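Have a look at work04.txt below; it lists compact mmCIF, C-alpha atoms.
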# COMPACT_ATOMS: atom_id res chain seq x y z
CA MET A 1 -7.27 -28.92 29.92
CA THR A 2 -6.45 -32.11 28.03
CA ASP A 3 -5.63 -32.56 24.36
CA VAL A 4 -9.12 -33.85 23.65
CA PHE A 5 -9.56 -31.15 21.00
CA ASP A 6 -6.41 -32.03 19.10
CA ALA A 7 -5.92 -34.44 16.24
CA PRO A 8 -2.66 -36.40 16.61
CA ILE A 9 0.31 -35.06 14.69
CA PRO A 10 3.04 -37.56 13.79
CA PRO A 11 6.53 -36.44 14.88
CA PRO A 12 9.28 -36.13 12.28
CA GLU A 13 10.94 -39.43 11.52
CA PRO A 14 14.43 -39.52 13.05
CA ARG A 15 16.01 -40.79 9.82
CA ALA A 16 13.88 -38.77 7.38
CA ARG A 17 15.59 -37.55 4.23
CA LEU A 18 17.35 -34.20 4.50
CA VAL A 19 16.79 -31.51 1.89
CA THR A 20 18.99 -29.03 0.05
CA THR A 21 18.17 -25.58 -1.26
CA ALA A 22 18.07 -26.88 -4.82
CA GLU A 23 15.68 -29.67 -3.84
CA VAL A 24 13.41 -27.20 -2.05
CA ASP A 25 13.34 -24.97 -5.10
CA ALA A 26 12.54 -27.88 -7.42
CA GLN A 27 9.89 -29.37 -5.13
CA VAL A 28 8.12 -26.09 -4.51
CA ARG A 29 8.07 -25.29 -8.22
CA GLY A 30 6.90 -28.73 -9.28
CA VAL A 31 4.46 -29.62 -6.52
CA CYS A 32 2.85 -26.31 -5.61
CA PHE A 33 2.04 -25.27 -9.20
CA LYS A 34 0.63 -28.35 -10.88
CA THR A 35 -0.83 -27.14 -14.15
CA GLY A 36 -3.48 -28.53 -16.45
CA PRO A 37 -7.04 -27.78 -17.56
CA PRO A 38 -9.13 -26.47 -14.64
CA ARG A 39 -11.35 -29.42 -13.73
CA ARG A 40 -11.61 -29.59 -9.96
CA LEU A 41 -13.03 -27.36 -7.28
CA GLY A 42 -13.07 -27.45 -3.50
CA VAL A 43 -14.16 -25.35 -0.56
CA GLU A 44 -12.96 -25.08 3.04
CA LEU A 45 -15.58 -23.78 5.45
CA GLU A 46 -14.68 -22.52 8.91
CA TRP A 47 -17.37 -21.90 11.51
CA PHE A 48 -17.75 -20.79 15.10
CA ILE A 49 -19.88 -22.94 17.40
CA HIS A 50 -22.30 -21.05 19.60
CA ASP A 51 -25.37 -21.55 21.77
CA PRO A 52 -28.26 -19.86 19.91
CA ARG A 53 -30.04 -19.24 23.22
CA ASP A 54 -27.16 -16.97 24.26
CA ALA A 55 -25.23 -16.26 21.08
CA ARG A 56 -22.86 -13.73 22.66
CA ALA A 57 -21.64 -15.96 25.48
CA PRO A 58 -18.62 -18.22 24.89
CA VAL A 59 -19.43 -21.90 24.87
CA ALA A 60 -17.85 -23.71 27.81
CA PRO A 61 -14.76 -25.75 26.84
CA SER A 62 -16.35 -28.94 28.16
CA ARG A 63 -19.36 -28.46 25.84
CA LEU A 64 -17.11 -27.73 22.88
CA SER A 65 -15.02 -30.79 23.65
CA ALA A 66 -18.12 -33.00 23.74
CA ALA A 67 -19.41 -31.42 20.52
CA HIS A 68 -16.10 -32.00 18.75
CA ALA A 69 -16.10 -35.62 19.87
CA ALA A 70 -19.62 -36.08 18.51
CA LEU A 71 -18.67 -34.53 15.17
CA ARG A 72 -15.68 -36.86 14.87
CA GLY A 73 -18.12 -39.75 14.90
CA LEU A 74 -19.97 -38.56 11.80
CA THR A 75 -19.42 -40.10 8.39
CA LEU A 76 -18.59 -37.10 6.23
CA ARG A 77 -17.35 -36.58 2.71
CA SER A 78 -15.29 -33.62 3.89
CA ALA A 79 -12.25 -33.68 6.13
CA LEU A 80 -13.15 -32.35 9.57
CA THR A 81 -10.56 -30.43 11.57
CA PHE A 82 -10.59 -28.01 14.49
CA GLU A 83 -9.01 -24.59 14.80
CA PRO A 84 -7.17 -23.35 17.90
CA GLY A 85 -10.13 -21.37 19.25
CA GLY A 86 -12.57 -24.27 18.85
CA GLN A 87 -13.77 -23.31 15.37
CA ILE A 88 -14.51 -26.23 13.07
CA GLU A 89 -13.37 -26.57 9.46
CA LEU A 90 -14.89 -28.74 6.76
CA SER A 91 -12.64 -29.28 3.73
CA SER A 92 -14.61 -30.73 0.84
CA PRO A 93 -13.08 -33.39 -1.42
CA PRO A 94 -12.05 -32.18 -4.89
CA ALA A 95 -15.19 -32.08 -7.03
CA GLY A 96 -15.57 -32.25 -10.78
CA SER A 97 -18.16 -29.47 -10.93
CA LEU A 98 -19.60 -26.61 -8.94
CA ALA A 99 -22.85 -28.53 -8.47
CA ALA A 100 -21.00 -31.54 -7.03
CA CYS A 101 -18.90 -29.35 -4.72
CA VAL A 102 -21.99 -27.61 -3.36
CA ALA A 103 -23.82 -30.90 -2.92
CA ASP A 104 -20.96 -32.51 -1.00
CA ALA A 105 -20.45 -29.57 1.35
CA ALA A 106 -24.19 -29.03 1.90
CA ALA A 107 -24.74 -32.69 2.77
CA ASP A 108 -21.96 -32.61 5.35
CA LEU A 109 -23.22 -29.35 6.84
CA ARG A 110 -26.66 -30.89 7.33
CA LEU A 111 -25.11 -33.73 9.34
CA VAL A 112 -22.96 -31.35 11.37
CA ARG A 113 -25.84 -29.02 12.15
CA ALA A 114 -28.08 -31.89 13.21
CA ALA A 115 -25.40 -33.28 15.53
CA LEU A 116 -24.83 -29.86 17.10
CA ALA A 117 -28.54 -29.15 17.43
CA GLY A 118 -28.89 -32.30 19.52
CA ARG A 119 -26.52 -30.66 21.99
CA GLY A 120 -28.19 -27.26 21.93
CA LEU A 121 -25.51 -25.74 19.71
CA ALA A 122 -25.32 -24.25 16.23
CA LEU A 123 -22.87 -22.91 13.65
CA ALA A 124 -22.22 -19.17 13.30
CA GLY A 125 -20.69 -17.56 10.21
CA HIS A 126 -18.54 -14.54 11.10
CA GLY A 127 -15.15 -13.52 9.78
CA HIS A 128 -14.18 -12.53 13.33
CA ASP A 129 -15.89 -13.43 16.60
CA PRO A 130 -18.07 -10.35 17.21
CA TRP A 131 -18.43 -10.83 20.94
CA ASN A 132 -15.61 -12.67 22.68
CA PRO A 133 -11.84 -12.20 23.01
CA PRO A 134 -9.52 -14.86 21.62
CA ARG A 135 -8.99 -17.97 23.74
CA ARG A 136 -6.85 -20.89 22.68
CA LEU A 137 -8.44 -24.27 23.43
CA LEU A 138 -6.19 -26.60 21.45
CA THR A 139 -3.05 -27.57 23.33
CA ALA A 140 -1.03 -29.57 20.81
CA PRO A 141 2.65 -28.53 20.53
CA ARG A 142 2.14 -26.85 17.15
CA TYR A 143 -0.45 -24.44 18.58
CA ARG A 144 1.65 -23.62 21.62
CA ALA A 145 4.57 -22.88 19.32
CA MET A 146 2.42 -20.89 16.88
CA GLU A 147 1.03 -18.76 19.68
CA ALA A 148 4.50 -18.12 21.11
CA TYR A 149 5.80 -17.19 17.66
CA PHE A 150 3.02 -14.71 16.91
CA ASP A 151 2.95 -13.23 20.42
CA ARG A 152 6.43 -11.82 19.85
CA ALA A 153 4.91 -9.31 17.40
CA GLY A 154 1.66 -8.48 19.21
CA PRO A 155 -1.93 -9.71 19.62
CA ALA A 156 -2.91 -10.04 15.93
CA GLY A 157 -1.59 -13.59 15.61
CA ARG A 158 -3.52 -14.90 18.59
CA ALA A 159 -6.69 -13.24 17.30
CA MET A 160 -6.17 -14.78 13.87
CA MET A 161 -5.69 -18.24 15.36
CA CYS A 162 -8.58 -18.22 17.81
CA ALA A 163 -11.15 -15.65 16.69
CA THR A 164 -11.44 -15.80 12.89
CA ALA A 165 -13.20 -17.96 10.31
CA SER A 166 -13.32 -17.97 6.53
CA VAL A 167 -14.59 -19.44 3.28
CA GLN A 168 -11.58 -20.70 1.32
CA VAL A 169 -12.08 -21.58 -2.34
CA CYS A 170 -9.67 -24.07 -3.94
CA LEU A 171 -9.13 -23.99 -7.71
CA ASP A 172 -6.80 -25.73 -10.12
CA ALA A 173 -3.73 -23.63 -10.94
CA GLY A 174 -4.66 -23.52 -14.64
CA HIS A 175 -3.11 -24.28 -18.00
CA GLU A 176 0.63 -24.12 -18.56
CA GLU A 177 0.15 -22.06 -21.71
CA PRO A 178 -1.06 -18.42 -21.89
CA GLY A 179 -4.73 -17.52 -22.12
CA PRO A 180 -7.55 -16.60 -19.74
CA LEU A 181 -7.15 -19.94 -17.92
CA GLY A 182 -3.34 -19.95 -17.95
CA HIS A 183 -1.67 -20.25 -14.55
CA VAL A 184 0.21 -16.93 -14.78
CA ARG A 185 -2.96 -14.99 -15.57
CA ARG A 186 -4.92 -16.83 -12.87
CA TRP A 187 -2.23 -16.00 -10.32
CA ARG A 188 -2.40 -12.30 -11.21
CA LEU A 189 -6.19 -12.33 -11.32
CA ALA A 190 -6.34 -13.89 -7.86
CA HIS A 191 -4.33 -11.05 -6.32
CA LEU A 192 -6.44 -8.27 -7.87
CA LEU A 193 -9.81 -9.99 -7.72
CA GLY A 194 -8.97 -10.99 -4.14
CA ALA A 195 -9.51 -7.39 -3.03
CA VAL A 196 -12.96 -7.39 -4.65
CA LEU A 197 -13.81 -10.62 -2.83
CA VAL A 198 -12.63 -9.12 0.46
CA ALA A 199 -14.87 -6.09 -0.08
CA ALA A 200 -17.97 -7.89 -1.33
CA PHE A 201 -17.95 -10.56 1.38
CA ALA A 202 -16.60 -8.55 4.31
CA ASN A 203 -18.37 -9.81 7.43
CA SER A 204 -16.31 -8.95 10.49
CA PRO A 205 -16.83 -5.35 11.62
CA LEU A 206 -17.05 -5.98 15.38
CA ARG A 207 -14.68 -6.93 18.17
CA GLN A 208 -16.19 -7.60 21.59
CA GLY A 209 -19.38 -5.92 20.40
CA VAL A 210 -17.70 -2.68 19.28
CA PRO A 211 -17.13 -1.56 15.66
CA THR A 212 -13.46 -1.68 14.78
CA GLY A 213 -13.53 0.69 11.82
CA TRP A 214 -12.99 -2.21 9.39
CA ARG A 215 -15.65 -4.05 7.40
CA SER A 216 -13.28 -7.03 7.48
CA THR A 217 -11.43 -7.01 10.76
CA ARG A 218 -10.26 -10.50 9.88
CA GLN A 219 -8.48 -9.27 6.74
CA ALA A 220 -7.01 -6.33 8.62
CA LEU A 221 -5.51 -8.79 11.09
CA TRP A 222 -3.81 -10.70 8.28
CA ALA A 223 -2.20 -7.45 7.13
CA GLU A 224 -0.73 -6.99 10.64
CA LEU A 225 0.91 -10.42 10.80
CA ASP A 226 4.46 -11.46 10.05
CA PRO A 227 5.03 -10.08 6.51
CA GLY A 228 7.32 -12.97 5.63
CA ARG A 229 4.46 -15.45 5.86
CA ALA A 230 1.19 -13.49 5.55
CA LEU A 231 1.88 -11.13 2.64
CA ALA A 232 1.89 -12.32 -0.95
CA PRO A 233 5.19 -12.92 -2.74
CA PRO A 234 6.51 -9.95 -4.73
CA GLU A 235 4.83 -9.63 -8.10
CA GLY A 236 6.85 -10.97 -10.98
CA PRO A 237 6.49 -12.59 -14.38
CA GLU A 238 6.85 -16.16 -13.09
CA PRO A 239 4.85 -17.22 -10.02
CA ARG A 240 6.77 -20.49 -9.55
CA ALA A 241 10.07 -18.69 -9.04
CA ALA A 242 8.45 -16.12 -6.77
CA TRP A 243 6.87 -18.80 -4.59
CA ALA A 244 10.03 -20.89 -4.35
CA ALA A 245 12.02 -17.87 -3.17
CA TYR A 246 9.23 -16.88 -0.79
CA ALA A 247 9.18 -20.34 0.82
CA LEU A 248 12.95 -20.41 1.26
CA ASP A 249 13.13 -16.89 2.69
CA ALA A 250 10.09 -17.16 4.99
CA PRO A 251 10.86 -17.33 8.73
CA VAL A 252 10.70 -20.74 10.34
CA MET A 253 7.79 -20.79 12.80
CA CYS A 254 8.92 -23.81 14.81
CA VAL A 255 11.25 -26.80 14.84
CA ARG A 256 9.25 -29.90 15.60
CA SER A 257 10.25 -32.31 18.33
CA GLY A 258 10.24 -36.05 17.75
CA ASN A 259 10.18 -36.97 21.44
CA GLY A 260 6.76 -35.61 22.39
CA GLY A 261 8.22 -32.50 23.98
CA PRO A 262 7.52 -28.85 23.12
CA TRP A 263 8.38 -27.58 19.67
CA ALA A 264 11.16 -25.02 19.63
CA VAL A 265 10.42 -21.50 18.41
CA PRO A 266 13.65 -20.38 16.73
CA PRO A 267 15.12 -16.89 17.06
CA ASP A 268 13.85 -14.12 14.85
CA GLY A 269 15.43 -14.20 11.41
CA LEU A 270 15.86 -17.95 10.95
CA THR A 271 14.56 -18.57 7.44
CA PHE A 272 14.23 -21.99 5.87
CA ARG A 273 17.19 -21.11 3.68
CA HIS A 274 19.27 -20.37 6.79
CA TRP A 275 18.05 -23.57 8.42
CA ILE A 276 19.35 -25.60 5.48
CA ALA A 277 22.68 -23.79 5.86
CA GLY A 278 22.96 -24.99 9.49
CA GLY A 279 21.09 -22.33 11.43
CA ALA A 280 19.32 -24.72 13.84
CA ALA A 281 20.28 -27.62 16.10
CA ARG A 282 19.37 -30.19 13.46
CA PRO A 283 19.09 -29.97 9.67
CA PRO A 284 15.64 -29.82 8.05
CA THR A 285 14.02 -32.86 6.48
CA ALA A 286 11.54 -33.21 3.64
CA ASP A 287 8.83 -33.50 6.32
CA ASP A 288 10.01 -30.22 7.83
CA LEU A 289 9.67 -28.58 4.42
CA ALA A 290 6.13 -29.94 4.02
CA TYR A 291 5.21 -28.60 7.44
CA HIS A 292 6.91 -25.25 6.80
CA LEU A 293 4.75 -24.74 3.72
CA THR A 294 1.61 -25.20 5.86
CA THR A 295 2.74 -22.32 8.09
CA LEU A 296 2.78 -19.82 5.20
CA PHE A 297 -0.46 -17.85 5.06
CA PRO A 298 -0.52 -15.47 2.06
CA PRO A 299 -3.94 -14.59 0.65
CA VAL A 300 -3.38 -16.95 -2.31
CA ARG A 301 -1.51 -20.13 -1.39
CA PRO A 302 -0.36 -22.61 -4.06
CA ARG A 303 -0.66 -26.19 -2.82
CA GLY A 304 -0.87 -28.09 -6.08
CA HIS A 305 -3.94 -25.90 -6.55
CA LEU A 306 -4.69 -22.27 -5.68
CA GLU A 307 -6.19 -21.76 -2.23
CA LEU A 308 -7.94 -18.38 -1.99
CA ARG A 309 -7.90 -17.45 1.69
CA MET A 310 -9.25 -13.89 1.79
CA ILE A 311 -13.03 -14.40 2.13
CA ASP A 312 -14.75 -13.94 5.51
CA ALA A 313 -17.08 -16.66 6.74
CA GLN A 314 -20.62 -15.79 5.66
CA PRO A 315 -23.91 -15.47 7.57
CA GLY A 316 -26.87 -17.79 7.09
CA GLU A 317 -27.04 -21.49 6.36
CA ASP A 318 -26.26 -21.14 2.65
CA GLY A 319 -24.29 -17.88 2.54
CA TRP A 320 -21.07 -19.80 1.85
CA MET A 321 -22.40 -20.90 -1.54
CA VAL A 322 -22.20 -17.39 -2.98
CA PRO A 323 -18.42 -16.76 -2.72
CA LEU A 324 -17.79 -20.32 -3.86
CA ALA A 325 -20.00 -19.94 -6.94
CA VAL A 326 -18.82 -16.44 -7.87
CA THR A 327 -15.14 -17.33 -7.50
CA ALA A 328 -15.50 -20.57 -9.47
CA ALA A 329 -17.32 -18.78 -12.28
CA LEU A 330 -14.77 -15.98 -12.54
CA PHE A 331 -11.84 -18.38 -12.70
CA ASP A 332 -13.11 -21.43 -14.58
CA ASP A 333 -15.39 -19.95 -17.26
CA PRO A 334 -13.16 -18.43 -19.98
CA ALA A 335 -15.54 -15.58 -20.85
CA ALA A 336 -16.11 -14.68 -17.20
CA ALA A 337 -12.38 -14.90 -16.47
CA SER A 338 -11.65 -12.45 -19.28
CA ALA A 339 -14.40 -10.10 -18.08
CA ALA A 340 -13.09 -10.26 -14.50
CA ALA A 341 -9.55 -9.48 -15.65
CA ARG A 342 -10.80 -6.39 -17.49
CA ALA A 343 -12.88 -5.30 -14.51
CA VAL A 344 -10.07 -5.51 -11.95
CA GLU A 345 -7.18 -4.21 -14.07
CA PRO A 346 -7.92 -0.54 -13.18
CA LEU A 347 -7.46 -1.48 -9.51
CA ALA A 348 -3.77 -2.21 -10.11
CA ALA A 349 -2.92 1.48 -9.91
CA THR A 350 -4.35 1.71 -6.39
CA ALA A 351 -2.64 -1.53 -5.34
CA GLY A 352 0.77 -0.18 -6.34
CA THR A 353 3.82 -2.37 -5.92
CA ASP A 354 3.31 -3.50 -2.32
CA PRO A 355 2.03 -7.06 -1.95
CA PRO A 356 -1.45 -7.84 -0.65
CA PRO A 357 -3.01 -7.73 1.84
CA GLY A 358 -0.89 -4.81 3.03
CA ASN A 359 -1.23 -2.56 -0.02
CA PRO A 360 -3.68 0.37 -0.31
CA LEU A 361 -6.17 -1.56 -2.48
CA TRP A 362 -6.56 -4.43 -0.04
CA ARG A 363 -6.67 -2.07 2.94
CA ASN A 364 -9.45 -0.08 1.25
CA ALA A 365 -11.34 -3.34 0.70
CA ALA A 366 -10.97 -4.40 4.33
CA ARG A 367 -11.86 -0.99 5.72
CA HIS A 368 -14.62 0.21 3.39
CA GLY A 369 -16.02 -2.87 1.65
CA LEU A 370 -18.08 -1.91 -1.37
CA ALA A 371 -18.50 1.64 -0.10
CA ASP A 372 -15.27 2.22 -2.03
CA PRO A 373 -16.44 3.37 -5.51
CA ALA A 374 -13.71 1.61 -7.50
CA LEU A 375 -14.23 -1.69 -5.69
CA ARG A 376 -17.99 -1.39 -6.12
CA ALA A 377 -17.65 -0.85 -9.87
CA ALA A 378 -15.35 -3.85 -10.20
CA ALA A 379 -17.67 -5.99 -8.08
CA GLU A 380 -20.72 -5.07 -10.16
CA ALA A 381 -18.93 -6.09 -13.35
CA CYS A 382 -17.56 -9.30 -11.82
CA PHE A 383 -20.87 -10.42 -10.33
CA ALA A 384 -22.61 -9.74 -13.64
CA ALA A 385 -20.03 -11.89 -15.43
CA ALA A 386 -20.37 -14.63 -12.83
CA ARG A 387 -24.15 -14.70 -13.10
CA GLU A 388 -23.91 -15.10 -16.87
CA ALA A 389 -21.38 -17.92 -16.46
CA LEU A 390 -23.17 -19.97 -13.79
CA PRO A 391 -25.65 -21.63 -16.17
CA ARG A 392 -22.75 -22.58 -18.44
CA LEU A 393 -21.05 -24.22 -15.44
CA GLY A 394 -24.18 -26.21 -14.63
CA ALA A 395 -24.88 -24.39 -11.37
CA PRO A 396 -28.19 -25.53 -9.85
CA PRO A 397 -31.05 -23.01 -9.52
CA SER A 398 -30.52 -22.74 -5.76
CA VAL A 399 -26.98 -21.49 -6.30
CA ARG A 400 -27.92 -19.10 -9.11
CA ASN A 401 -30.74 -17.69 -6.99
CA ALA A 402 -28.43 -17.23 -4.00
CA VAL A 403 -25.96 -15.27 -6.12
CA ALA A 404 -28.77 -13.15 -7.60
CA ASP A 405 -30.16 -12.39 -4.14
CA PHE A 406 -26.72 -11.45 -2.80
CA THR A 407 -26.10 -9.20 -5.81
CA GLU A 408 -29.35 -7.35 -5.29
CA ARG A 409 -29.04 -7.07 -1.52
CA TYR A 410 -25.40 -6.04 -1.36
CA VAL A 411 -23.41 -5.49 -4.55
CA SER A 412 -25.98 -3.35 -6.37
CA ARG A 413 -26.28 -1.17 -3.28
CA GLY A 414 -22.60 -0.83 -2.48
CA ARG A 415 -22.98 -2.89 0.68
CA CYS A 416 -21.53 -6.06 2.20
CA PRO A 417 -22.72 -8.33 5.04
CA ALA A 418 -20.69 -6.29 7.54
CA ASP A 419 -22.99 -3.34 6.92
CA ASP A 420 -25.92 -5.28 8.34
CA LEU A 421 -24.08 -5.68 11.65
CA LEU A 422 -23.01 -2.05 11.62
CA ASP A 423 -26.62 -0.98 11.10
CA LEU A 424 -27.52 -2.92 14.26
CA TYR A 425 -24.58 -2.01 16.48
CA GLY A 426 -23.52 1.41 15.24
CA GLN A 427 -20.90 2.83 12.94
CA PRO A 428 -17.48 3.68 14.40
CA ALA A 429 -17.13 7.28 15.50
CA PRO A 430 -15.30 9.49 12.98
CA GLY A 431 -11.60 9.54 13.70
CA LYS A 432 -11.91 6.66 16.16
CA GLU A 433 -11.07 3.79 13.87
CA SER A 434 -8.95 1.27 15.72
CA ARG A 435 -6.27 -1.18 14.81
CA PRO A 436 -7.63 -4.68 14.25
Represent the supplied structure as structure tokens.
Amino acid sequence: MTDVFDAPIPPPEPRARLVTTAEVDAQVRGVCFKTGPPRRLGVELEWFIHDPRDARAPVAPSRLSAAHAALRGLTLRSALTFEPGGQIELSSPPAGSLAACVADAAADLRLVRAALAGRGLALAGHGHDPWNPPRRLLTAPRYRAMEAYFDRAGPAGRAMMCATASVQVCLDAGHEEPGPLGHVRRWRLAHLLGAVLVAAFANSPLRQGVPTGWRSTRQALWAELDPGRALAPPEGPEPRAAWAAYALDAPVMCVRSGNGGPWAVPPDGLTFRHWIAGGAARPPTADDLAYHLTTLFPPVRPRGHLELRMIDAQPGEDGWMVPLAVTAALFDDPAAASAAARAVEPLAATAGTDPPPGNPLWRNAARHGLADPALRAAAEACFAAAREALPRLGAPPSVRNAVADFTERYVSRGRCPADDLLDLYGQPAPGKESRP
């Protein structure tokens, strides 16, 4: 197979500037947590491509390659990229309002769907491929190295790379000062509310057609990955300091090659801090730091904004609008943010001191969805607050109606989209719940 799927990745410059521990700490603090009034919003939408005439069969690599090439020729507002298993991702430009964000993403999706339909293909919204085992199609050095790195710990990494898809909501970090929109409170809210979002939008209960015992198999996979890069930083009073330490102490996934050769996967235990101290064949550069930060996958990732990564891809053409709208309302409307903080605070006792997504709260969310009574109560309060806030945020009627319909169909009944699939394909047998 050729590299036709892969976007080119520039190699590190041979004379790029080297970095010190102090510079890493300063850069991570200053760049990753840019504060200010919340004004911008973005969404990253991952999708599987399937043939609707035989939705369970994997699409041949040659058809996916041709489809990817056709999509590259479209004029889109969003950035278009491809995931290792052939999934596509549309990353909207930063928008000044929820209405503008929805309009941009919806317009691009119409173009993408039309281009795929001309080839007999369509988009499918699942948090985890319900039917097919993982297969890596992209062959760029970074994906070979990533696969080799994750394979040392088991199959969860390969499944995450090649068989999962999500809705990622991107929000400004918030004000520097305290208050419902302050960055410290938003950081804490994201890690408690994140469990509610996992539960409400869980949509990945199957693996190769069989129930796994998890409403969100995708989220369960994240909890099985390398804890140094997939768990949240330890909770503390200052998120900047926690994130800087996390980035320095996270394992290095790979050392990039500048000569077109394979990227080296370093031995277990090489952190970025150790790399700076001379733990690899060459010292790290500023470009290596930038790349290292892209290989960290906690549920909330600061990148100059907050990237919420815990939501499964949603079914239907417009299902993605609901988590985008609800999340935006609960973070960017002051009254809704305060209501959400009150609603999720009782969940802190269940979460305990372990970081998400490996703590009991997040595991309950991934396994039970809104069948968990505490998560259901929090979701009902949060969705009610979001619905009240959406008119204040200028959300169009189509978005408000979608949120209302989702609330009635799922939240008010203690259900999530995964339950629809389980109704069709059977609940897991008692005592037979499997690892993701």
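Going from atom CA of A:Ala202 over to atom CA of A:Asp129, you cover 13.2 Å.
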Discussion item. I want to know what sits within 7 Å of stretch 259-267 of chain A, based on only C-alpha atoms, with residues of the same chain fewer than 2 positions away left out; could you give that as a ChimeraX atom specification?
Written reply: /A:141-142,145,149,253-257,269-270
Worksheet item: Using all atoms listed in the file, which of the listed residues (A:Pro61, A:Pro180, A:Pro299, A:Gly414) sits closest to A:Ala339?
Response: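 For A:Ala339, the nearest of the given residues is A:Pro180.
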Could you list, with a cut-off of 7 Å and counting all atoms listed in the file, the residues of stretch 14-43 of chain A near stretch 155-170 of chain A, each shown with its nearest atom pair and the distance in Å rounded to one decimal, rows sorted by chain and ascending number, as a Markdown table?
| residue | atom | partner | partner_atom | distance |
| --- | --- | --- | --- | --- |
| A:Leu41 | CA | A:Cys170 | CA | 5.8 |
| A:Gly42 | CA | A:Cys170 | CA | 4.8 |
| A:Val43 | CA | A:Val169 | CA | 4.7 |
Practice prompt. Using all atoms listed in the file, pick whichever of A:Glu44, A:Glu380, A:Glu238, A:Glu224 has the shortest atom-to-atom distance to A:Pro436.
Written response: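 Among the listed residues, the smallest separation from A:Pro436 belongs to A:Glu224.
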Item to complete: Enter the distance from atom CA of A:Val28 to atom CA of A:Ala244, in Å, rounded to one decimal.
Response: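 These two atoms are separated by 5.5 Å.
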Item to complete: Compare A:Ser62, A:Gln27, A:Thr294, A:Gln314 by their minimum atom-to-atom distance to A:Gly127, counting all atoms listed in the file, and give me the closest one.
Response: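 Smallest distance to A:Gly127 is found for A:Gln314.
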Practice prompt. Give the answer as one residue: which of A:Arg282, A:Ala290, A:Pro315, A:Ala105 has the shortest atom-to-atom distance to A:Arg303, using only C-alpha atoms?
Written response: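 With only C-alpha atoms as the atom set, the closest residue is A:Ala290.
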With all atoms listed in the file counted and 12 Å as the cut-off, give the residues of stretch 171-285 of chain A in contact with stretch 118-125 of chain A, each with its shortest interatomic distance in Å and the pair that gives it, as CSV.
residue,atom,partner,partner_atom,distance
A:Phe201,CA,A:Gly125,CA,11.6
A:Ala202,CA,A:Gly125,CA,11.5
A:Asn203,CA,A:Gly125,CA,8.6
A:Ser204,CA,A:Gly125,CA,9.7
Worksheet entry | Selection: 10 Å around A:Ala385, only C-alpha atoms, excl. self and same-chain fewer than 4 positions, as an MDAnalysis selection string | chainID A and resid 326 329:330 333 335:340 343 379:381 389:390
Can you sort out the box for stretch 214-229 of chain A, edges along x, y and z, all listed atoms in, 8 Å on every side, with centre and edge lengths in Å to one decimal, as lines of an AutoDock Vina configuration file?
center_x = -4.2
center_y = -8.8
center_z = 8.4
size_x = 39.0
size_y = 29.2
size_z = 21.5
Item to complete: Using all atoms listed in the file, find the one residue out of A:Arg185, A:Arg218, A:Arg400, A:Arg207 that sits nearest to A:Pro239.
Response: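 Looking at the shortest contact to A:Pro239, the residue is A:Arg185.
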Practice prompt. Tell me, as a ChimeraX atom specification, which residues lie within 9 Å of A:Pro205, counting all atoms listed in the file; anything in the same chain fewer than 5 positions away does not count.
Written response: /A:127-128,130,210-218,367,418-419,421-422
Would you list the contacts of A:Val252 as a PDB file with C-alpha atoms, in the coordinates of the input, taking every protein, DNA or RNA residue within 7 Å and counting only C-alpha atoms, but skipping same-chain residues closer than 6 positions in sequence?
ATOM      1  CA  LEU A 270      15.860 -17.950  10.950  1.00  0.00           C
ATOM      2  CA  THR A 271      14.560 -18.570   7.440  1.00  0.00           C
ATOM      3  CA  PHE A 272      14.230 -21.990   5.870  1.00  0.00           C
ATOM      4  CA  HIS A 292       6.910 -25.250   6.800  1.00  0.00           C
TER       5      HIS A 292
END
Item to complete: Could you pull out every residue with an atom within 8 Å of (-25.9, -23.7, 21.2), file coordinates, counting only C-alpha atoms, and send them as a list of chain:residue names?
Response: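 Nearby residues: A:Ile49, A:His50, A:Asp51, A:Pro52, A:Arg53, A:Asp54, A:Ala55, A:Val59, A:Leu116, A:Ala117, A:Arg119, A:Gly120, A:Leu121, A:Ala122.
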Item to complete: Identify which of the residues A:Val403, A:Leu424, A:Leu248, A:Leu181 lies closest to A:Glu388, counting only C-alpha atoms when measuring atom-to-atom distances.
Response: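 Smallest distance to A:Glu388 is found for A:Val403.
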Worksheet item: Any idea what the distance is between atom CA of A:Phe150 and atom CA of A:Asp268?
Response: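 We find that atom CA of A:Phe150 and atom CA of A:Asp268 lie 11.0 Å from each other.
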